[in-house]
file run14.cif (mmCIF, C-alpha atoms)
data_query
#
loop_
_atom_site.group_PDB
_atom_site.id
_atom_site.type_symbol
_atom_site.label_atom_id
_atom_site.label_comp_id
_atom_site.auth_asym_id
_atom_site.auth_seq_id
_atom_site.Cartn_x
_atom_site.Cartn_y
_atom_site.Cartn_z
ATOM 1 C CA MET A 1 108.211 57.394 72.433
ATOM 2 C CA LYS A 2 106.797 60.890 72.423
ATOM 3 C CA ARG A 3 104.954 60.119 75.595
ATOM 4 C CA ILE A 4 108.112 58.956 77.330
ATOM 5 C CA SER A 5 110.079 62.040 76.382
ATOM 6 C CA PHE A 6 107.169 64.184 77.547
ATOM 7 C CA LEU A 7 107.250 62.357 80.845
ATOM 8 C CA PHE A 8 110.980 62.948 81.120
ATOM 9 C CA SER A 9 110.530 66.661 80.377
ATOM 10 C CA CYS A 10 107.986 66.880 83.161
ATOM 11 C CA LEU A 11 110.261 65.072 85.556
ATOM 12 C CA TYR A 12 113.145 67.295 84.564
ATOM 13 C CA LEU A 13 111.096 70.466 85.028
ATOM 14 C CA GLY A 14 109.855 69.205 88.371
ATOM 15 C CA ALA A 15 113.373 68.427 89.478
ATOM 16 C CA THR A 16 114.706 71.852 88.482
ATOM 17 C CA ALA A 17 111.891 73.541 90.348
ATOM 18 C CA VAL A 18 112.736 71.674 93.527
ATOM 19 C CA GLN A 19 116.419 72.197 92.935
ATOM 20 C CA ALA A 20 115.995 75.946 92.347
ATOM 21 C CA GLU A 21 114.338 76.247 95.716
ATOM 22 C CA SER A 22 117.018 74.407 97.600
ATOM 23 C CA VAL A 23 119.880 76.234 95.883
ATOM 24 C CA ALA A 24 119.154 79.484 97.709
ATOM 25 C CA VAL A 25 118.679 77.685 101.018
ATOM 26 C CA THR A 26 121.786 75.517 100.609
ATOM 27 C CA ARG A 27 123.914 78.492 99.662
ATOM 28 C CA LEU A 28 122.642 80.573 102.565
ATOM 29 C CA LEU A 29 123.144 77.758 105.071
ATOM 30 C CA LYS A 30 126.729 77.500 103.801
ATOM 31 C CA THR A 31 127.163 81.249 104.254
ATOM 32 C CA TYR A 32 125.801 81.146 107.802
ATOM 33 C CA LYS A 33 128.160 78.263 108.568
ATOM 34 C CA SER A 34 131.088 80.330 107.327
ATOM 35 C CA GLN A 35 129.875 83.127 109.612
ATOM 36 C CA GLY A 36 130.075 80.883 112.636
ATOM 37 C CA ALA A 37 126.804 78.949 112.766
ATOM 38 C CA THR A 38 127.883 75.563 114.019
ATOM 39 C CA THR A 39 124.397 74.047 114.086
ATOM 40 C CA ALA A 40 121.275 74.479 111.998
ATOM 41 C CA SER A 41 118.546 72.954 114.119
ATOM 42 C CA ARG A 42 115.039 72.491 112.812
ATOM 43 C CA ASP A 43 113.720 72.166 116.361
ATOM 44 C CA GLN A 44 115.482 75.318 117.483
ATOM 45 C CA GLY A 45 113.950 77.102 114.479
ATOM 46 C CA LYS A 46 110.504 75.915 115.496
ATOM 47 C CA ILE A 47 110.998 77.161 119.058
ATOM 48 C CA MET A 48 112.054 80.568 117.751
ATOM 49 C CA TRP A 49 109.101 80.700 115.372
ATOM 50 C CA GLN A 50 106.619 80.161 118.183
ATOM 51 C CA LYS A 51 108.313 82.157 120.931
ATOM 52 C CA GLN A 52 106.677 85.365 122.168
ATOM 53 C CA TYR A 53 109.053 88.318 122.419
ATOM 54 C CA SER A 54 108.273 91.572 124.156
ATOM 55 C CA GLY A 55 108.239 94.848 122.296
ATOM 56 C CA LYS A 56 107.051 98.391 122.684
ATOM 57 C CA SER A 57 103.414 99.432 122.436
ATOM 58 C CA PRO A 58 101.142 98.916 120.540
ATOM 59 C CA PHE A 59 102.719 95.510 119.885
ATOM 60 C CA ASN A 60 103.715 94.471 123.386
ATOM 61 C CA THR A 61 104.097 90.825 122.446
ATOM 62 C CA ARG A 62 105.488 89.825 119.116
ATOM 63 C CA SER A 63 106.282 86.597 117.333
ATOM 64 C CA CYS A 64 106.796 85.324 113.802
ATOM 65 C CA ALA A 65 103.174 84.226 114.005
ATOM 66 C CA SER A 66 102.048 87.842 114.570
ATOM 67 C CA CYS A 67 102.063 88.107 110.780
ATOM 68 C CA HIS A 68 102.690 84.555 109.527
ATOM 69 C CA GLU A 69 100.536 82.236 111.688
ATOM 70 C CA THR A 70 101.881 79.290 113.697
ATOM 71 C CA ASP A 71 101.018 76.941 110.843
ATOM 72 C CA LEU A 72 103.271 78.045 108.007
ATOM 73 C CA LYS A 73 101.038 76.426 105.432
ATOM 74 C CA GLN A 74 98.322 79.004 106.196
ATOM 75 C CA SER A 75 98.160 82.540 104.848
ATOM 76 C CA GLY A 76 99.039 85.219 107.351
ATOM 77 C CA LYS A 77 98.010 88.824 107.813
ATOM 78 C CA HIS A 78 100.238 91.841 108.401
ATOM 79 C CA VAL A 79 99.708 92.686 112.053
ATOM 80 C CA LYS A 80 99.141 96.358 111.318
ATOM 81 C CA THR A 81 97.994 96.803 107.742
ATOM 82 C CA LYS A 82 96.021 93.512 107.713
ATOM 83 C CA LYS A 83 97.268 92.793 104.215
ATOM 84 C CA VAL A 84 97.197 89.068 103.437
ATOM 85 C CA ILE A 85 100.633 87.419 103.403
ATOM 86 C CA LYS A 86 100.957 84.252 101.352
ATOM 87 C CA PRO A 87 101.994 81.082 103.208
ATOM 88 C CA MET A 88 105.665 80.762 104.183
ATOM 89 C CA ALA A 89 105.813 76.980 103.644
ATOM 90 C CA PRO A 90 107.572 76.167 100.352
ATOM 91 C CA SER A 91 105.432 73.015 100.082
ATOM 92 C CA VAL A 92 102.334 75.134 99.441
ATOM 93 C CA ASN A 93 104.027 78.283 98.134
ATOM 94 C CA PRO A 94 107.011 77.293 95.957
ATOM 95 C CA GLU A 95 108.037 80.935 95.490
ATOM 96 C CA ARG A 96 109.286 81.029 99.078
ATOM 97 C CA LEU A 97 113.008 80.747 99.838
ATOM 98 C CA THR A 98 114.102 81.011 96.210
ATOM 99 C CA ASP A 99 115.847 84.383 96.375
ATOM 100 C CA ILE A 100 118.816 84.958 98.674
ATOM 101 C CA LYS A 101 118.429 88.740 98.682
ATOM 102 C CA GLU A 102 114.758 88.483 99.652
ATOM 103 C CA ILE A 103 115.474 86.028 102.455
ATOM 104 C CA GLU A 104 118.201 88.261 103.868
ATOM 105 C CA LYS A 105 116.056 91.392 103.551
ATOM 106 C CA TRP A 106 113.203 89.868 105.493
ATOM 107 C CA PHE A 107 115.470 88.306 108.122
ATOM 108 C CA ARG A 108 116.955 91.723 108.792
ATOM 109 C CA ARG A 109 113.604 93.529 109.002
ATOM 110 C CA ASN A 110 111.662 90.878 110.860
ATOM 111 C CA CYS A 111 114.346 89.894 113.378
ATOM 112 C CA LYS A 112 114.748 93.562 114.281
ATOM 113 C CA TRP A 113 110.989 94.020 114.662
ATOM 114 C CA THR A 114 110.267 90.772 116.477
ATOM 115 C CA LEU A 115 113.380 90.240 118.613
ATOM 116 C CA GLY A 116 114.498 93.863 118.754
ATOM 117 C CA ARG A 117 117.860 92.946 117.224
ATOM 118 C CA GLU A 118 119.373 91.207 114.215
ATOM 119 C CA CYS A 119 119.391 87.416 114.340
ATOM 120 C CA SER A 120 122.732 85.645 114.648
ATOM 121 C CA PRO A 121 123.899 83.395 111.787
ATOM 122 C CA ALA A 122 123.064 80.357 113.963
ATOM 123 C CA GLU A 123 119.518 81.623 114.595
ATOM 124 C CA LYS A 124 118.988 82.337 110.912
ATOM 125 C CA ALA A 125 120.330 78.894 109.978
ATOM 126 C CA SER A 126 117.870 77.226 112.363
ATOM 127 C CA LEU A 127 114.913 79.310 111.227
ATOM 128 C CA LEU A 128 115.746 78.718 107.574
ATOM 129 C CA THR A 129 116.017 74.971 108.153
ATOM 130 C CA TYR A 130 112.652 74.927 109.918
ATOM 131 C CA ILE A 131 110.852 77.024 107.310
ATOM 132 C CA SER A 132 112.348 75.146 104.357
ATOM 133 C CA GLN A 133 110.961 71.862 105.681
ATOM 134 C CA GLN A 134 107.378 73.080 105.962
ATOM 135 C CA MET B 1 86.801 107.412 42.012
ATOM 136 C CA LYS B 2 89.826 109.291 43.277
ATOM 137 C CA LYS B 3 87.535 111.648 45.121
ATOM 138 C CA LEU B 4 85.752 108.751 46.753
ATOM 139 C CA SER B 5 88.938 107.150 48.036
ATOM 140 C CA ALA B 6 90.101 110.511 49.326
ATOM 141 C CA ILE B 7 86.862 110.816 51.303
ATOM 142 C CA THR B 8 87.278 107.269 52.602
ATOM 143 C CA MET B 9 90.808 108.101 53.700
ATOM 144 C CA VAL B 10 89.662 111.223 55.489
ATOM 145 C CA LEU B 11 86.906 109.256 57.221
ATOM 146 C CA LEU B 12 89.280 106.480 58.221
ATOM 147 C CA VAL B 13 91.838 108.906 59.604
ATOM 148 C CA GLY B 14 89.018 110.622 61.441
ATOM 149 C CA ILE B 15 87.731 107.434 62.990
ATOM 150 C CA PHE B 16 91.210 106.313 64.065
ATOM 151 C CA GLY B 17 91.917 109.753 65.397
ATOM 152 C CA ILE B 18 88.800 109.793 67.534
ATOM 153 C CA ASN B 19 89.461 106.253 68.583
ATOM 154 C CA THR B 20 92.898 107.133 69.933
ATOM 155 C CA ALA B 21 91.739 110.304 71.609
ATOM 156 C CA CYS B 22 88.888 108.551 73.398
ATOM 157 C CA SER B 23 90.461 105.237 74.275
ATOM 158 C CA ASP B 24 89.586 103.829 77.682
ATOM 159 C CA ASP B 25 93.014 104.594 79.144
ATOM 160 C CA ASP B 26 92.824 108.171 78.017
ATOM 161 C CA TRP B 27 89.353 108.587 79.448
ATOM 162 C CA GLU B 28 90.376 107.057 82.772
ATOM 163 C CA ASP B 29 93.358 109.366 82.908
ATOM 164 C CA ARG B 30 91.169 112.431 82.303
ATOM 165 C CA ILE B 31 89.028 111.377 85.243
ATOM 166 C CA ARG B 32 92.151 110.865 87.342
ATOM 167 C CA TYR B 33 93.429 114.294 86.390
ATOM 168 C CA SER B 34 90.434 115.965 88.005
ATOM 169 C CA THR B 35 89.548 113.466 90.729
ATOM 170 C CA GLY B 36 92.760 111.669 91.596
ATOM 171 C CA VAL B 37 96.508 111.587 91.240
ATOM 172 C CA LYS B 38 98.816 110.365 88.503
ATOM 173 C CA LEU B 39 98.970 106.597 87.971
ATOM 174 C CA LEU B 40 102.521 105.322 87.517
ATOM 175 C CA GLU B 41 103.810 101.832 86.902
ATOM 176 C CA ASN B 42 106.917 100.948 88.869
ATOM 177 C CA PRO B 43 107.351 97.222 89.566
ATOM 178 C CA VAL B 44 110.218 97.800 92.027
ATOM 179 C CA TYR B 45 108.206 100.271 94.092
ATOM 180 C CA LYS B 46 105.128 98.072 93.926
ATOM 181 C CA LYS B 47 107.045 95.070 95.188
ATOM 182 C CA GLU B 48 109.165 96.701 97.875
ATOM 183 C CA CYS B 49 106.377 98.818 99.387
ATOM 184 C CA GLY B 50 103.290 96.994 98.160
ATOM 185 C CA ASP B 51 104.247 93.750 99.893
ATOM 186 C CA CYS B 52 102.952 95.144 103.190
ATOM 187 C CA HIS B 53 100.400 97.777 102.183
ATOM 188 C CA MET B 54 98.886 99.490 99.182
ATOM 189 C CA ALA B 55 101.791 101.158 97.373
ATOM 190 C CA TYR B 56 100.636 104.739 97.908
ATOM 191 C CA HIS B 57 100.847 106.803 94.738
ATOM 192 C CA PRO B 58 103.770 109.267 94.769
ATOM 193 C CA GLY B 59 101.377 112.165 94.045
ATOM 194 C CA LEU B 60 99.722 111.753 97.450
ATOM 195 C CA LEU B 61 102.589 113.342 99.429
ATOM 196 C CA PRO B 62 104.807 116.391 98.927
ATOM 197 C CA ALA B 63 108.507 115.783 98.250
ATOM 198 C CA ALA B 64 109.663 116.819 101.730
ATOM 199 C CA SER B 65 107.341 114.231 103.253
ATOM 200 C CA TRP B 66 108.609 111.422 101.028
ATOM 201 C CA GLN B 67 112.172 112.423 101.800
ATOM 202 C CA LYS B 68 111.566 112.268 105.550
ATOM 203 C CA LEU B 69 109.643 109.000 105.337
ATOM 204 C CA MET B 70 112.319 107.284 103.268
ATOM 205 C CA ALA B 71 115.009 108.407 105.697
ATOM 206 C CA GLY B 72 113.288 106.579 108.562
ATOM 207 C CA LEU B 73 112.404 103.147 107.223
ATOM 208 C CA GLU B 74 113.899 101.448 110.266
ATOM 209 C CA ASP B 75 110.952 102.717 112.289
ATOM 210 C CA HIS B 76 108.208 102.835 109.692
ATOM 211 C CA PHE B 77 104.914 103.376 111.536
ATOM 212 C CA ASP B 78 105.832 100.758 114.174
ATOM 213 C CA ASP B 79 107.277 98.341 111.635
ATOM 214 C CA ASN B 80 110.743 97.828 110.239
ATOM 215 C CA ALA B 81 110.855 98.413 106.485
ATOM 216 C CA GLU B 82 114.601 98.752 105.951
ATOM 217 C CA LEU B 83 115.898 98.486 102.404
ATOM 218 C CA ASP B 84 119.444 98.219 101.151
ATOM 219 C CA LYS B 85 120.987 101.544 100.208
ATOM 220 C CA GLU B 86 120.741 101.140 96.463
ATOM 221 C CA LEU B 87 117.066 100.154 96.465
ATOM 222 C CA ALA B 88 116.178 102.879 98.958
ATOM 223 C CA GLN B 89 117.878 105.467 96.769
ATOM 224 C CA GLN B 90 116.134 104.224 93.635
ATOM 225 C CA ILE B 91 112.703 104.330 95.284
ATOM 226 C CA THR B 92 113.320 107.728 96.911
ATOM 227 C CA GLN B 93 114.210 109.157 93.506
ATOM 228 C CA PHE B 94 111.024 107.761 91.984
ATOM 229 C CA LEU B 95 108.921 109.250 94.780
ATOM 230 C CA LEU B 96 110.593 112.655 94.619
ATOM 231 C CA ASP B 97 110.364 112.822 90.821
ATOM 232 C CA ASN B 98 106.631 112.193 90.995
ATOM 233 C CA SER B 99 105.650 113.758 94.313
ATOM 234 C CA ALA B 100 102.664 116.076 94.766
ATOM 235 C CA ASP B 101 105.070 118.973 94.161
ATOM 236 C CA LYS B 102 105.754 117.741 90.654
ATOM 237 C CA SER B 103 102.218 116.876 89.580
ATOM 238 C CA ASP B 104 99.408 118.961 88.105
ATOM 239 C CA TYR B 105 96.702 116.449 88.964
ATOM 240 C CA ARG B 106 94.007 118.103 91.051
ATOM 241 C CA ARG B 107 94.424 116.174 94.295
ATOM 242 C CA SER B 108 98.200 116.531 94.148
ATOM 243 C CA ARG B 109 97.861 120.293 93.741
ATOM 244 C CA HIS B 110 95.687 120.423 96.850
ATOM 245 C CA PHE B 111 97.982 118.147 98.827
ATOM 246 C CA ARG B 112 100.941 120.405 98.141
ATOM 247 C CA ASN B 113 99.152 123.761 98.350
ATOM 248 C CA MET B 114 97.524 122.978 101.655
ATOM 249 C CA ALA B 115 100.602 121.345 103.184
ATOM 250 C CA ARG B 116 101.521 122.657 106.615
ATOM 251 C CA GLU B 117 104.876 124.172 107.350
ATOM 252 C CA LYS B 118 105.587 121.138 109.482
ATOM 253 C CA VAL B 119 106.579 118.147 107.370
ATOM 254 C CA VAL B 120 104.209 115.251 108.045
ATOM 255 C CA ILE B 121 104.829 111.732 106.816
ATOM 256 C CA ARG B 122 101.282 110.467 107.089
ATOM 257 C CA ILE B 123 98.991 111.246 104.156
ATOM 258 C CA THR B 124 96.161 111.232 106.704
ATOM 259 C CA GLU B 125 97.734 114.192 108.531
ATOM 260 C CA LEU B 126 97.863 116.444 105.486
ATOM 261 C CA PRO B 127 95.356 119.319 105.812
ATOM 262 C CA TYR B 128 93.726 118.508 102.478
ATOM 263 C CA PHE B 129 93.192 114.906 103.536
ATOM 264 C CA ILE B 130 91.638 116.007 106.833
ATOM 265 C CA HIS B 131 89.455 118.540 105.020
ATOM 266 C CA GLU B 132 88.158 115.875 102.639
ATOM 267 C CA HIS B 133 87.387 113.330 105.366
ATOM 268 C CA ASP B 134 86.198 115.470 108.282
ATOM 269 C CA GLU B 135 82.523 114.616 107.851
ATOM 270 C CA ILE B 136 83.022 110.888 108.069
ATOM 271 C CA PRO B 137 82.132 109.550 111.527
ATOM 272 C CA ALA B 138 84.735 107.398 113.317
ATOM 273 C CA ARG B 139 82.330 104.476 113.549
ATOM 274 C CA LEU B 140 82.566 104.051 109.768
ATOM 275 C CA VAL B 141 86.369 103.963 109.862
ATOM 276 C CA SER B 142 88.163 103.019 113.092
ATOM 277 C CA GLY B 143 84.955 101.449 114.397
ATOM 278 C CA ASN B 144 84.448 99.503 111.198
ATOM 279 C CA LYS B 145 86.195 96.122 111.118
ATOM 280 C CA GLU B 146 86.371 96.129 107.354
ATOM 281 C CA VAL B 147 88.068 99.527 107.229
ATOM 282 C CA ASN B 148 89.990 99.931 110.512
ATOM 283 C CA SER B 149 91.949 102.999 109.539
ATOM 284 C CA PHE B 150 92.010 105.881 107.084
ATOM 285 C CA SER B 151 95.315 104.425 105.844
ATOM 286 C CA HIS B 152 93.406 101.710 104.004
ATOM 287 C CA CYS B 153 92.372 103.931 101.083
ATOM 288 C CA ASN B 154 91.174 101.001 99.037
ATOM 289 C CA ALA B 155 88.743 99.815 101.727
ATOM 290 C CA CYS B 156 86.328 102.536 100.560
ATOM 291 C CA HIS B 157 87.854 104.112 97.451
ATOM 292 C CA LYS B 158 87.249 101.213 95.128
ATOM 293 C CA LYS B 159 89.605 102.603 92.494
ATOM 294 C CA ALA B 160 92.366 103.780 94.839
ATOM 295 C CA GLU B 161 94.847 101.325 93.345
ATOM 296 C CA GLN B 162 94.160 102.943 89.966
ATOM 297 C CA ALA B 163 94.845 106.373 91.491
ATOM 298 C CA SER B 164 91.240 107.481 91.111
ATOM 299 C CA PHE B 165 89.572 109.002 94.170
ATOM 300 C CA ARG B 166 86.296 109.984 92.545
ATOM 301 C CA GLU B 167 83.319 110.341 94.873
ATOM 302 C CA HIS B 168 81.319 108.135 92.537
ATOM 303 C CA ASP B 169 83.664 105.222 93.375
ATOM 304 C CA ILE B 170 83.350 105.448 97.156
ATOM 305 C CA PHE B 171 81.657 102.541 98.881
ATOM 306 C CA ILE B 172 81.996 102.281 102.656
ATOM 307 C CA PRO B 173 81.692 98.641 103.799
ATOM 308 C CA GLY B 174 78.589 98.162 105.954
ATOM 309 C CA TYR B 175 77.315 101.610 105.032
ATOM 310 C CA GLY B 176 77.170 102.016 101.274
ATOM 311 C CA LYS B 177 77.739 104.884 98.916
ATOM 312 C CA TRP B 178 78.958 108.158 100.342
ATOM 313 C CA ASP B 179 77.451 111.446 99.201
ATOM 314 C CA ASP B 180 78.903 114.712 100.382
#
call {"tool": "encode", "arguments": {"input": "run14.cif", "output": "structure tokens"}}
result
Amino acid sequence: MKRISFLFSCLYLGATAVQAESVAVTRLLKTYKSQGATTASRDQGKIMWQKQYSGKSPFNTRSCASCHETDLKQSGKHVKTKKVIKPMAPSVNPERLTDIKEIEKWFRRNCKWTLGRECSPAEKASLLTYISQQ
Amino acid sequence: MKKLSAITMVLLVGIFGINTACSDDDWEDRIRYSTGVKLLENPVYKKECGDCHMAYHPGLLPAASWQKLMAGLEDHFDDNAELDKELAQQITQFLLDNSADKSDYRRSRHFRNMAREKVVIRITELPYFIHEHDEIPARLVSGNKEVNSFSHCNACHKKAEQASFREHDIFIPGYGKWDD
């Protein structure tokens, strides 16, 4: 009996962990929808992730992978400071995408640096969908 | 018997007293006082700034420099490090309260006393920094893959994160110990 309830506790804990992660993503996707994002496309997110954007020197070409690698399950490296950045993929780094404020902070900073402007709600919805499924 | 216990008490108090005065933390801090800057714990600062680089100790820059740096986070040494207003204010206050202007630690005193009239936002452009590093050849820093730049204090100052910049703790990757 004890064993069974232990098993259930584990299952429950596991479920809450997964749930906690998706809560932030689900809520943000809803927000982006209310801001006019009609689609949240995983494929579109992937294209954005890999696209090279032009920027001013010394970083004439920039992409998400400049700091985060093309494979989100790998650790990245800050393009300038070389500090190691933990993987973006929630499947290997469950801390990712669990905090709405953090997600919004980094979208603002990194879209401005990489694309030279803020991302639209539709772009953020696609990127978030792509990242959350890694 | 009473006399004996009084002596024991005195001895015990003595031992505890010495113990407190010479604890490891205290000793480390004495070293920092003469060879480094003040070590401060601030989880918010560590997270918001330390995510991308070593969270530079507030005592490494004068107040005017911190003020200028925090006012330009949108273009932060070729990166965007914007923060929301409330967080930016909170961190600015922490930096100003503990800047080189407010600290008596030896390195902080030098950083502020030798500061130029022009406000610089790079620690590496402060006259005291330049003075302390002018004998180090470029090949050991910019020409050294494991160091890259003077901005990476902790590449050579093994206790930089602990705010200690003692010569004894310098180890240049690919070169070894550094003796002035």
call {"tool": "interface_residues", "arguments": {"input": "run14.cif", "of": "chain B", "to": "chain A", "cutoff": "7 Å", "atoms": "only C-alpha atoms", "output": "number ranges by chain"}}
result
B: 52-53, 79-82
call {"tool": "closest_residue", "arguments": {"input": "run14.cif", "among": "B:Ile172, B:Leu83, B:Leu69, B:Ala63", "to": "Lys47 in chain B", "atoms": "all atoms listed in the file"}}
result
B:Leu83
call {"tool": "resolve_selection", "arguments": {"input": "run14.cif", "expression": "the PyMOL selection byres ((chain A and resi 25-37) around 12)", "output": "VMD selection string"}}
result
chain A and resid 18 to 24 38 to 41 90 96 to 104 107 119 to 133
call {"tool": "residues_around", "arguments": {"input": "run14.cif", "residues": "Ser63 in chain A", "least_positions_apart": "4", "cutoff": "7 Å", "atoms": "only C-alpha atoms", "output": "ChimeraX atom specification"}}
result
/A:49-53,114
call {"tool": "atom_distance", "arguments": {"input": "run14.cif", "atom1": "CA of Asp75 in chain B", "atom2": "CA of Ser66 in chain A"}}
result
17.5 Å
call {"tool": "atom_distance", "arguments": {"input": "run14.cif", "atom1": "CA of Glu69 in chain A", "atom2": "CA of Lys86 in chain A"}}
result
10.5 Å
call {"tool": "residues_around", "arguments": {"input": "run14.cif", "residues": "Glu48 in chain B", "least_positions_apart": "3", "cutoff": "9 Å", "atoms": "all atoms listed in the file", "output": "ChimeraX atom specification"}}
result
/B:43-45,51-52,55,81,83,87,91
call {"tool": "write_last_selection", "arguments": {"input": "run14.cif", "atoms": "C-alpha atoms", "output": "PDB file, keeping the file's coordinate frame"}}
result
ATOM      1  CA  PRO B  43     107.351  97.222  89.566  1.00  0.00           C
ATOM      2  CA  VAL B  44     110.218  97.800  92.027  1.00  0.00           C
ATOM      3  CA  TYR B  45     108.206 100.271  94.092  1.00  0.00           C
ATOM      4  CA  ASP B  51     104.247  93.750  99.893  1.00  0.00           C
ATOM      5  CA  CYS B  52     102.952  95.144 103.190  1.00  0.00           C
ATOM      6  CA  ALA B  55     101.791 101.158  97.373  1.00  0.00           C
ATOM      7  CA  ALA B  81     110.855  98.413 106.485  1.00  0.00           C
ATOM      8  CA  LEU B  83     115.898  98.486 102.404  1.00  0.00           C
ATOM      9  CA  LEU B  87     117.066 100.154  96.465  1.00  0.00           C
ATOM     10  CA  ILE B  91     112.703 104.330  95.284  1.00  0.00           C
TER      11      ILE B  91
END
call {"tool": "resolve_selection", "arguments": {"input": "run14.cif", "expression": "the PyMOL selection byres ((chain B and resi 105-115) around 7)", "output": "PyMOL selection string"}}
result
chain B and resi 33-38+59-62+100-101+103-104+116-117+126-128
call {"tool": "atom_distance", "arguments": {"input": "run14.cif", "atom1": "CA of Arg30 in chain B", "atom2": "CA of Phe165 in chain B"}}
result
12.5 Å
call {"tool": "residues_around", "arguments": {"input": "run14.cif", "residues": "Pro137 in chain B", "least_positions_apart": "4", "cutoff": "12 Å", "atoms": "all atoms listed in the file", "output": "PyMOL selection string"}}
result
chain B and resi 133+141-144+149-150+172+175+178
call {"tool": "residues_around", "arguments": {"input": "run14.cif", "residues": "Gln67 in chain B", "least_positions_apart": "2", "cutoff": "12 Å", "atoms": "all atoms listed in the file", "output": "ChimeraX atom specification"}}
result
/B:58,61-65,69-73,88-89,91-97,99,119-121
call {"tool": "closest_residue", "arguments": {"input": "run14.cif", "among": "B:Ile170, B:Trp66, B:Lys46, B:Asp24", "to": "Arg122 in chain B", "atoms": "all atoms listed in the file"}}
result
B:Trp66
call {"tool": "resolve_selection", "arguments": {"input": "run14.cif", "expression": "the PyMOL selection byres ((chain B and resi 159) around 12)", "output": "list in words"}}
result
Glu28, Ile31, Arg32, Thr35, Gly36, Val37, Leu39, Met54, Cys153, Asn154, Ala155, Cys156, His157, Lys158, Ala160, Glu161, Gln162, Ala163, Ser164, Phe165, Arg166, Glu167, His168, Asp169, Ile170 and Phe171 of chain B
call {"tool": "build_atoms", "arguments": {"input": "run14.cif", "residues": "range 77-82 of chain B", "atoms": "all heavy atoms", "output": "PDB file, in the frame of the given file"}}
result
ATOM      1  N   PHE B  77     106.246 103.530 110.927  1.00  0.00           N
ATOM      2  CA  PHE B  77     104.914 103.376 111.536  1.00  0.00           C
ATOM      3  C   PHE B  77     104.831 102.080 112.356  1.00  0.00           C
ATOM      4  O   PHE B  77     103.965 101.241 112.130  1.00  0.00           O
ATOM      5  CB  PHE B  77     103.817 103.406 110.461  1.00  0.00           C
ATOM      6  CG  PHE B  77     103.904 104.593 109.548  1.00  0.00           C
ATOM      7  CD1 PHE B  77     104.320 104.455 108.235  1.00  0.00           C
ATOM      8  CD2 PHE B  77     103.597 105.864 110.006  1.00  0.00           C
ATOM      9  CE1 PHE B  77     104.418 105.558 107.394  1.00  0.00           C
ATOM     10  CE2 PHE B  77     103.680 106.973 109.175  1.00  0.00           C
ATOM     11  CZ  PHE B  77     104.099 106.833 107.864  1.00  0.00           C
ATOM     12  N   ASP B  78     105.770 101.923 113.277  1.00  0.00           N
ATOM     13  CA  ASP B  78     105.832 100.758 114.174  1.00  0.00           C
ATOM     14  C   ASP B  78     106.263  99.469 113.490  1.00  0.00           C
ATOM     15  O   ASP B  78     106.123  98.384 114.058  1.00  0.00           O
ATOM     16  CB  ASP B  78     104.489 100.498 114.893  1.00  0.00           C
ATOM     17  CG  ASP B  78     104.061 101.677 115.731  1.00  0.00           C
ATOM     18  OD1 ASP B  78     104.935 102.274 116.379  1.00  0.00           O
ATOM     19  OD2 ASP B  78     102.860 102.017 115.713  1.00  0.00           O
ATOM     20  N   ASP B  79     106.746  99.543 112.278  1.00  0.00           N
ATOM     21  CA  ASP B  79     107.277  98.341 111.635  1.00  0.00           C
ATOM     22  C   ASP B  79     108.683  98.655 111.143  1.00  0.00           C
ATOM     23  O   ASP B  79     109.075  99.823 111.085  1.00  0.00           O
ATOM     24  CB  ASP B  79     106.379  97.924 110.462  1.00  0.00           C
ATOM     25  CG  ASP B  79     106.623  96.483 110.036  1.00  0.00           C
ATOM     26  OD1 ASP B  79     107.460  95.799 110.664  1.00  0.00           O
ATOM     27  OD2 ASP B  79     105.960  96.030 109.077  1.00  0.00           O
ATOM     28  N   ASN B  80     109.422  97.614 110.816  1.00  0.00           N
ATOM     29  CA  ASN B  80     110.743  97.828 110.239  1.00  0.00           C
ATOM     30  C   ASN B  80     110.648  97.556 108.741  1.00  0.00           C
ATOM     31  O   ASN B  80     110.264  96.462 108.328  1.00  0.00           O
ATOM     32  CB  ASN B  80     111.761  96.876 110.882  1.00  0.00           C
ATOM     33  CG  ASN B  80     113.161  97.137 110.370  1.00  0.00           C
ATOM     34  OD1 ASN B  80     113.389  97.199 109.162  1.00  0.00           O
ATOM     35  ND2 ASN B  80     114.101  97.319 111.271  1.00  0.00           N
ATOM     36  N   ALA B  81     110.969  98.560 107.944  1.00  0.00           N
ATOM     37  CA  ALA B  81     110.855  98.413 106.485  1.00  0.00           C
ATOM     38  C   ALA B  81     112.182  98.750 105.802  1.00  0.00           C
ATOM     39  O   ALA B  81     112.207  99.259 104.687  1.00  0.00           O
ATOM     40  CB  ALA B  81     109.735  99.305 105.965  1.00  0.00           C
ATOM     41  N   GLU B  82     113.268  98.441 106.494  1.00  0.00           N
ATOM     42  CA  GLU B  82     114.601  98.752 105.951  1.00  0.00           C
ATOM     43  C   GLU B  82     114.821  98.182 104.555  1.00  0.00           C
ATOM     44  O   GLU B  82     114.392  97.074 104.253  1.00  0.00           O
ATOM     45  CB  GLU B  82     115.669  98.118 106.847  1.00  0.00           C
ATOM     46  CG  GLU B  82     116.071  98.948 108.013  1.00  0.00           C
ATOM     47  CD  GLU B  82     117.091  98.208 108.856  1.00  0.00           C
ATOM     48  OE1 GLU B  82     118.239  98.057 108.403  1.00  0.00           O
ATOM     49  OE2 GLU B  82     116.714  97.766 109.940  1.00  0.00           O
TER      50      GLU B  82
END
